[in-house]
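So the structure is just underneath, and the comments pick up after that.
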Amino acid sequence: MTTPARAFLPGLELSRILYEEAVRPILDADFPGLRYAAARVGPGSEVLGFDTARSADHEWGPRLDLFLEPADASAHGERIHRLLAERLPKQVRGWPTHFRHADPDDPVGHMELTDGPVDHRVGVREAGGWLHGQLGLRRPAPGGDLPQLTVRDWLAVPQQKLAEVTGGAVFHDGVGTLTRAREALAWYPDQVWRYLLACQWQRIAQEEAFVGRCAEVGDDLGSAVVAGRSVRDLMRLCLLLEREYAPYSKWLGSAFARLPGAGDLLLPLRGAVTAGDHETRERHLCDAYERVAAAQNRTGLTEEVDPARRPYHGRPFQVLHAERFAHALARTVTDPELRDLPLTGAVDQWADSTDFLGRPGAVRAAVEALG
């Protein structure tokens, strides 16, 4: 790859410049009156604000998403794509607009200067079809908005996908479909949120005693693995409490670190995953459990639950008994469809295979089966 001699520029800023200085003038000149939305949404570290100079080595650069009305996408989409290939500048702020493919079978592109037309990364599509493909939901009627989501819809969409639709930036929206979809998907409905919180506490309850139990039988490695899983579940719980969609594993810690109050939890969470003995792991985890439990109480979603650690029945392990919080939240779930579900939660609370979560049809079938 030819690396531009230019300081790193956040991808969303690069997208804005590409739109305002290059794409918009072409659309204004050749398609006056065309209604469209210009945004940078979907996959990509820049959409979540986590891109760095390292991101520039593949599928990062001057990128943009154009969304047209269905009829306009059909009538003008190919021509717009071709005109952009011919007329876009070869670089924006020193970053090439051309993406080469090292392997014809590899869709990943790498920025490189070119003398000919640019193989750009300006997608031209209609919003309804893109939302359908991104979220695996019912396809909107032609020119219509995203249908109102059902309980099963919410449970079948991974949080990473929701973050990709609601994150990023919209630079212009003359259509409205994308903006209205982002507003509708900004956060879970109250009843779904309460149910997911209950399910996340239930996950923690299922394994919180295993840190000590594994060590008791000489499995210190197993104890450490359980501690790591518990820390991950606590981080995702904190994001839920703060109404932030959890990204996938690469960015989970970065997203958690942005939360208000995350600093108070960093010491015990780090201590739990770096401890060399199970007693220290257990102590750090209980410190974290108590602080997150207190945060749960401060939401006022349930009656107050004692956030103090306690023995695990008659065994010599200290735990929170997190199921107490799960049950307290479950009692506030009044939606009949949610109330009758087991405390398994949304798909990414019980599955984390990237290949599986990327197959909306399989995900929907699995969610239906659990219900």
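Each chain in the structure tokens gets a letter, A, B and so on, in the order shown; residues start at 1 in every chain, and ligands are counted from 1 in the order they appear.
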Once you count only C-alpha atoms, what closest atom pair and distance in Å to one decimal does each residue of range 113-207 of chain A within 9 Å of range 19-43 of chain A have, with rows by chain and rising residue number, as JSON lines?
```
{"residue": "A:Val122", "atom": "CA", "partner": "A:Val23", "partner_atom": "CA", "distance": 8.8}
{"residue": "A:Glu126", "atom": "CA", "partner": "A:Tyr36", "partner_atom": "CA", "distance": 8.9}
{"residue": "A:Ala127", "atom": "CA", "partner": "A:Ala37", "partner_atom": "CA", "distance": 8.6}
{"residue": "A:Gln134", "atom": "CA", "partner": "A:Gly42", "partner_atom": "CA", "distance": 7.7}
{"residue": "A:Lys161", "atom": "CA", "partner": "A:Gly42", "partner_atom": "CA", "distance": 7.7}
{"residue": "A:Ala163", "atom": "CA", "partner": "A:Gly42", "partner_atom": "CA", "distance": 8.3}
{"residue": "A:Glu164", "atom": "CA", "partner": "A:Gly42", "partner_atom": "CA", "distance": 4.5}
{"residue": "A:Val165", "atom": "CA", "partner": "A:Gly42", "partner_atom": "CA", "distance": 5.6}
{"residue": "A:Thr166", "atom": "CA", "partner": "A:Val41", "partner_atom": "CA", "distance": 7.6}
{"residue": "A:Gly167", "atom": "CA", "partner": "A:Val41", "partner_atom": "CA", "distance": 6.5}
{"residue": "A:Gly168", "atom": "CA", "partner": "A:Val41", "partner_atom": "CA", "distance": 5.0}
{"residue": "A:Ala169", "atom": "CA", "partner": "A:Arg40", "partner_atom": "CA", "distance": 5.5}
{"residue": "A:Val170", "atom": "CA", "partner": "A:Ala39", "partner_atom": "CA", "distance": 4.1}
{"residue": "A:Phe171", "atom": "CA", "partner": "A:Ala39", "partner_atom": "CA", "distance": 5.4}
{"residue": "A:His172", "atom": "CA", "partner": "A:Ala38", "partner_atom": "CA", "distance": 5.1}
{"residue": "A:Asp173", "atom": "CA", "partner": "A:Ala37", "partner_atom": "CA", "distance": 4.0}
{"residue": "A:Gly174", "atom": "CA", "partner": "A:Tyr36", "partner_atom": "CA", "distance": 5.1}
{"residue": "A:Val175", "atom": "CA", "partner": "A:Tyr36", "partner_atom": "CA", "distance": 5.4}
{"residue": "A:Gly176", "atom": "CA", "partner": "A:Ala37", "partner_atom": "CA", "distance": 7.5}
{"residue": "A:Thr177", "atom": "CA", "partner": "A:Ala37", "partner_atom": "CA", "distance": 8.6}
{"residue": "A:Leu178", "atom": "CA", "partner": "A:Ala37", "partner_atom": "CA", "distance": 7.4}
{"residue": "A:Thr179", "atom": "CA", "partner": "A:Ala37", "partner_atom": "CA", "distance": 8.7}
```
Write out as a ChimeraX atom specification which residues come within 9 Å of Asp287 in chain A when counting only C-alpha atoms, dropping same-chain ones fewer than 5 positions away. /A:265,268-269,282,292,309
Could you state the separation of CA of Leu259 in chain A and CA of Leu12 in chain A in Å, given to one decimal place?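 Taking CA of Leu259 in chain A as the start and CA of Leu12 in chain A as the end point, the length is 21.2 Å.
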Give me the residues near range 295-297 of chain A as a PyMOL selection string, where near means some atom within 10 Å (using only C-alpha atoms) and where sequence neighbours in that chain fewer than 3 positions away do not count. chain A and resi 197+237-238+241-242+261+289-292+300-307+325+329
Would you output that residue set with C-alpha atoms, as a PDB file, in the first residue's frame?
```pdb
ATOM      1  CA  LEU A 197     -30.652  -6.028  32.306  1.00  0.00           C
ATOM      2  CA  LEU A 237     -23.798  -4.755  32.073  1.00  0.00           C
ATOM      3  CA  CYS A 238     -22.343  -1.305  32.732  1.00  0.00           C
ATOM      4  CA  LEU A 241     -27.007   0.518  32.508  1.00  0.00           C
ATOM      5  CA  GLU A 242     -25.658   3.622  30.767  1.00  0.00           C
ATOM      6  CA  GLY A 261     -17.714   6.153  36.552  1.00  0.00           C
ATOM      7  CA  TYR A 289     -20.026  -6.459  41.871  1.00  0.00           C
ATOM      8  CA  GLU A 290     -20.906  -4.183  44.775  1.00  0.00           C
ATOM      9  CA  ARG A 291     -20.181  -0.990  42.823  1.00  0.00           C
ATOM     10  CA  VAL A 292     -22.230  -2.089  39.814  1.00  0.00           C
ATOM     11  CA  GLY A 300     -34.610   3.374  40.467  1.00  0.00           C
ATOM     12  CA  LEU A 301     -35.819   0.659  38.088  1.00  0.00           C
ATOM     13  CA  THR A 302     -36.542  -1.722  40.983  1.00  0.00           C
ATOM     14  CA  GLU A 303     -36.865  -1.689  44.703  1.00  0.00           C
ATOM     15  CA  GLU A 304     -33.438  -1.376  46.320  1.00  0.00           C
ATOM     16  CA  VAL A 305     -31.539  -4.652  46.611  1.00  0.00           C
ATOM     17  CA  ASP A 306     -28.754  -5.093  49.184  1.00  0.00           C
ATOM     18  CA  PRO A 307     -25.534  -4.667  47.177  1.00  0.00           C
ATOM     19  CA  PHE A 325     -30.967  -8.280  40.907  1.00  0.00           C
ATOM     20  CA  LEU A 329     -35.744  -6.517  37.395  1.00  0.00           C
TER      21      LEU A 329
END
```
Excluding range 200-214 of chain A and any residue of its chain fewer than 2 positions from it, enumerate the residues within 7 Å of it, using only C-alpha atoms, and give them as a ChimeraX atom specification. /A:196-198,216-220,222-223,226-227,230,233,237,278,282,312,317,319,321-323,325-326,343
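For the choices A:Leu9, A:Leu131, A:Ala181, A:Val273, the atom-to-atom distance to Gln148 in chain A is smallest for A:Ala181 when using only C-alpha atoms.
The shortest atom-to-atom distance to Asp119 in chain A, with only C-alpha atoms taken into account, belongs to A:Pro89 out of A:Gly133, A:Pro89, A:Pro147, A:Pro247.
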If you run DSSP on the backbone here, which positions in range 148-280 of chain A get helix (DSSP H, G or I)? Please write them as a VMD selection string. chain A and resid 151 to 155 159 to 166 177 to 184 190 to 207 210 to 216 220 to 241 249 to 257 262 to 274 278 to 280
Give me the residues near Ala156 in chain A as number ranges by chain, where near means some atom within 12 Å (using only C-alpha atoms) and where sequence neighbours in that chain fewer than 4 positions away do not count. A: 134-138, 149-152, 160-162, 345-351, 356-371
Write the residues of the selection above to a file with N, CA and C atoms, as a short mmCIF file (atom, residue, chain, number, x, y, z; two decimals), in the first residue's frame.
```cif
data_model
loop_
_atom_site.label_atom_id
_atom_site.label_comp_id
_atom_site.auth_asym_id
_atom_site.auth_seq_id
_atom_site.Cartn_x
_atom_site.Cartn_y
_atom_site.Cartn_z
N GLN A 134 -28.63 -4.74 6.96
CA GLN A 134 -27.80 -4.50 8.13
C GLN A 134 -28.39 -5.13 9.38
N LEU A 135 -29.70 -5.06 9.52
CA LEU A 135 -30.34 -5.47 10.77
C LEU A 135 -31.09 -6.79 10.67
N GLY A 136 -31.33 -7.28 9.44
CA GLY A 136 -32.07 -8.52 9.29
C GLY A 136 -33.53 -8.39 9.63
N LEU A 137 -34.08 -7.18 9.55
CA LEU A 137 -35.48 -6.95 9.89
C LEU A 137 -36.34 -6.97 8.63
N ARG A 138 -37.63 -6.85 8.82
CA ARG A 138 -38.54 -6.81 7.69
C ARG A 138 -38.19 -5.64 6.78
N LEU A 149 -40.33 -2.06 15.35
CA LEU A 149 -39.72 -3.31 15.77
C LEU A 149 -40.57 -4.02 16.82
N THR A 150 -40.66 -5.34 16.68
CA THR A 150 -41.32 -6.17 17.68
C THR A 150 -40.29 -6.57 18.74
N VAL A 151 -40.77 -7.20 19.79
CA VAL A 151 -39.87 -7.72 20.83
C VAL A 151 -38.84 -8.66 20.21
N ARG A 152 -39.30 -9.58 19.36
CA ARG A 152 -38.37 -10.54 18.75
C ARG A 152 -37.37 -9.84 17.84
N GLN A 160 -23.75 -4.76 18.31
CA GLN A 160 -22.77 -4.21 17.38
C GLN A 160 -23.47 -3.63 16.15
N LYS A 161 -24.48 -4.36 15.64
CA LYS A 161 -25.21 -3.87 14.45
C LYS A 161 -26.00 -2.61 14.78
N LEU A 162 -26.61 -2.57 15.95
CA LEU A 162 -27.34 -1.38 16.34
C LEU A 162 -26.40 -0.19 16.50
N GLY A 345 -32.17 -13.60 27.13
CA GLY A 345 -31.83 -12.29 26.60
C GLY A 345 -31.74 -12.20 25.10
N ALA A 346 -31.07 -11.14 24.63
CA ALA A 346 -30.86 -10.92 23.21
C ALA A 346 -29.78 -11.86 22.71
N VAL A 347 -29.70 -11.99 21.40
CA VAL A 347 -28.83 -13.00 20.81
C VAL A 347 -27.39 -12.87 21.25
N ASP A 348 -26.86 -11.64 21.39
CA ASP A 348 -25.45 -11.51 21.75
C ASP A 348 -25.22 -11.57 23.25
N GLN A 349 -26.25 -11.92 24.01
CA GLN A 349 -26.05 -12.25 25.42
C GLN A 349 -25.79 -13.74 25.61
N TRP A 350 -26.08 -14.52 24.58
CA TRP A 350 -25.82 -15.96 24.70
C TRP A 350 -25.03 -16.53 23.54
N ALA A 351 -24.69 -15.73 22.55
CA ALA A 351 -23.88 -16.20 21.42
C ALA A 351 -22.88 -15.11 21.05
N PHE A 356 -21.83 -16.59 13.14
CA PHE A 356 -23.25 -16.79 13.41
C PHE A 356 -24.00 -15.46 13.48
N LEU A 357 -23.46 -14.50 14.23
CA LEU A 357 -24.15 -13.22 14.40
C LEU A 357 -24.26 -12.45 13.10
N GLY A 358 -23.43 -12.80 12.11
CA GLY A 358 -23.51 -12.15 10.82
C GLY A 358 -24.50 -12.79 9.87
N ARG A 359 -25.25 -13.77 10.34
CA ARG A 359 -26.26 -14.45 9.50
C ARG A 359 -27.65 -14.16 10.10
N PRO A 360 -28.28 -13.07 9.68
CA PRO A 360 -29.55 -12.66 10.29
C PRO A 360 -30.63 -13.74 10.27
N GLY A 361 -30.71 -14.52 9.19
CA GLY A 361 -31.74 -15.55 9.14
C GLY A 361 -31.53 -16.61 10.19
N ALA A 362 -30.29 -17.04 10.38
CA ALA A 362 -29.99 -18.05 11.40
C ALA A 362 -30.23 -17.49 12.80
N VAL A 363 -29.85 -16.24 13.00
CA VAL A 363 -30.06 -15.60 14.29
C VAL A 363 -31.55 -15.54 14.62
N ARG A 364 -32.35 -15.13 13.63
CA ARG A 364 -33.78 -15.00 13.89
C ARG A 364 -34.39 -16.37 14.22
N ALA A 365 -33.96 -17.40 13.50
CA ALA A 365 -34.49 -18.74 13.76
C ALA A 365 -34.13 -19.21 15.17
N ALA A 366 -32.91 -18.91 15.60
CA ALA A 366 -32.48 -19.32 16.94
C ALA A 366 -33.26 -18.57 18.02
N VAL A 367 -33.47 -17.28 17.82
CA VAL A 367 -34.23 -16.48 18.79
C VAL A 367 -35.66 -16.99 18.88
N GLU A 368 -36.26 -17.31 17.75
CA GLU A 368 -37.62 -17.85 17.76
C GLU A 368 -37.67 -19.18 18.50
N ALA A 369 -36.64 -20.01 18.32
CA ALA A 369 -36.62 -21.33 18.98
C ALA A 369 -36.52 -21.19 20.49
N LEU A 370 -35.73 -20.21 20.96
CA LEU A 370 -35.58 -20.02 22.39
C LEU A 370 -36.89 -19.54 23.02
N GLY A 371 -37.71 -18.84 22.21
CA GLY A 371 -38.96 -18.32 22.75
C GLY A 371 -40.05 -19.37 22.82
#
```
Pick out the residues sitting within 7 Å of range 95-99 of chain A, and hand them over as a ChimeraX atom specification; count only C-alpha atoms, and ignore anything fewer than 2 positions along from it in its own chain. /A:4,61-62,90-93,101,109-114,118-120
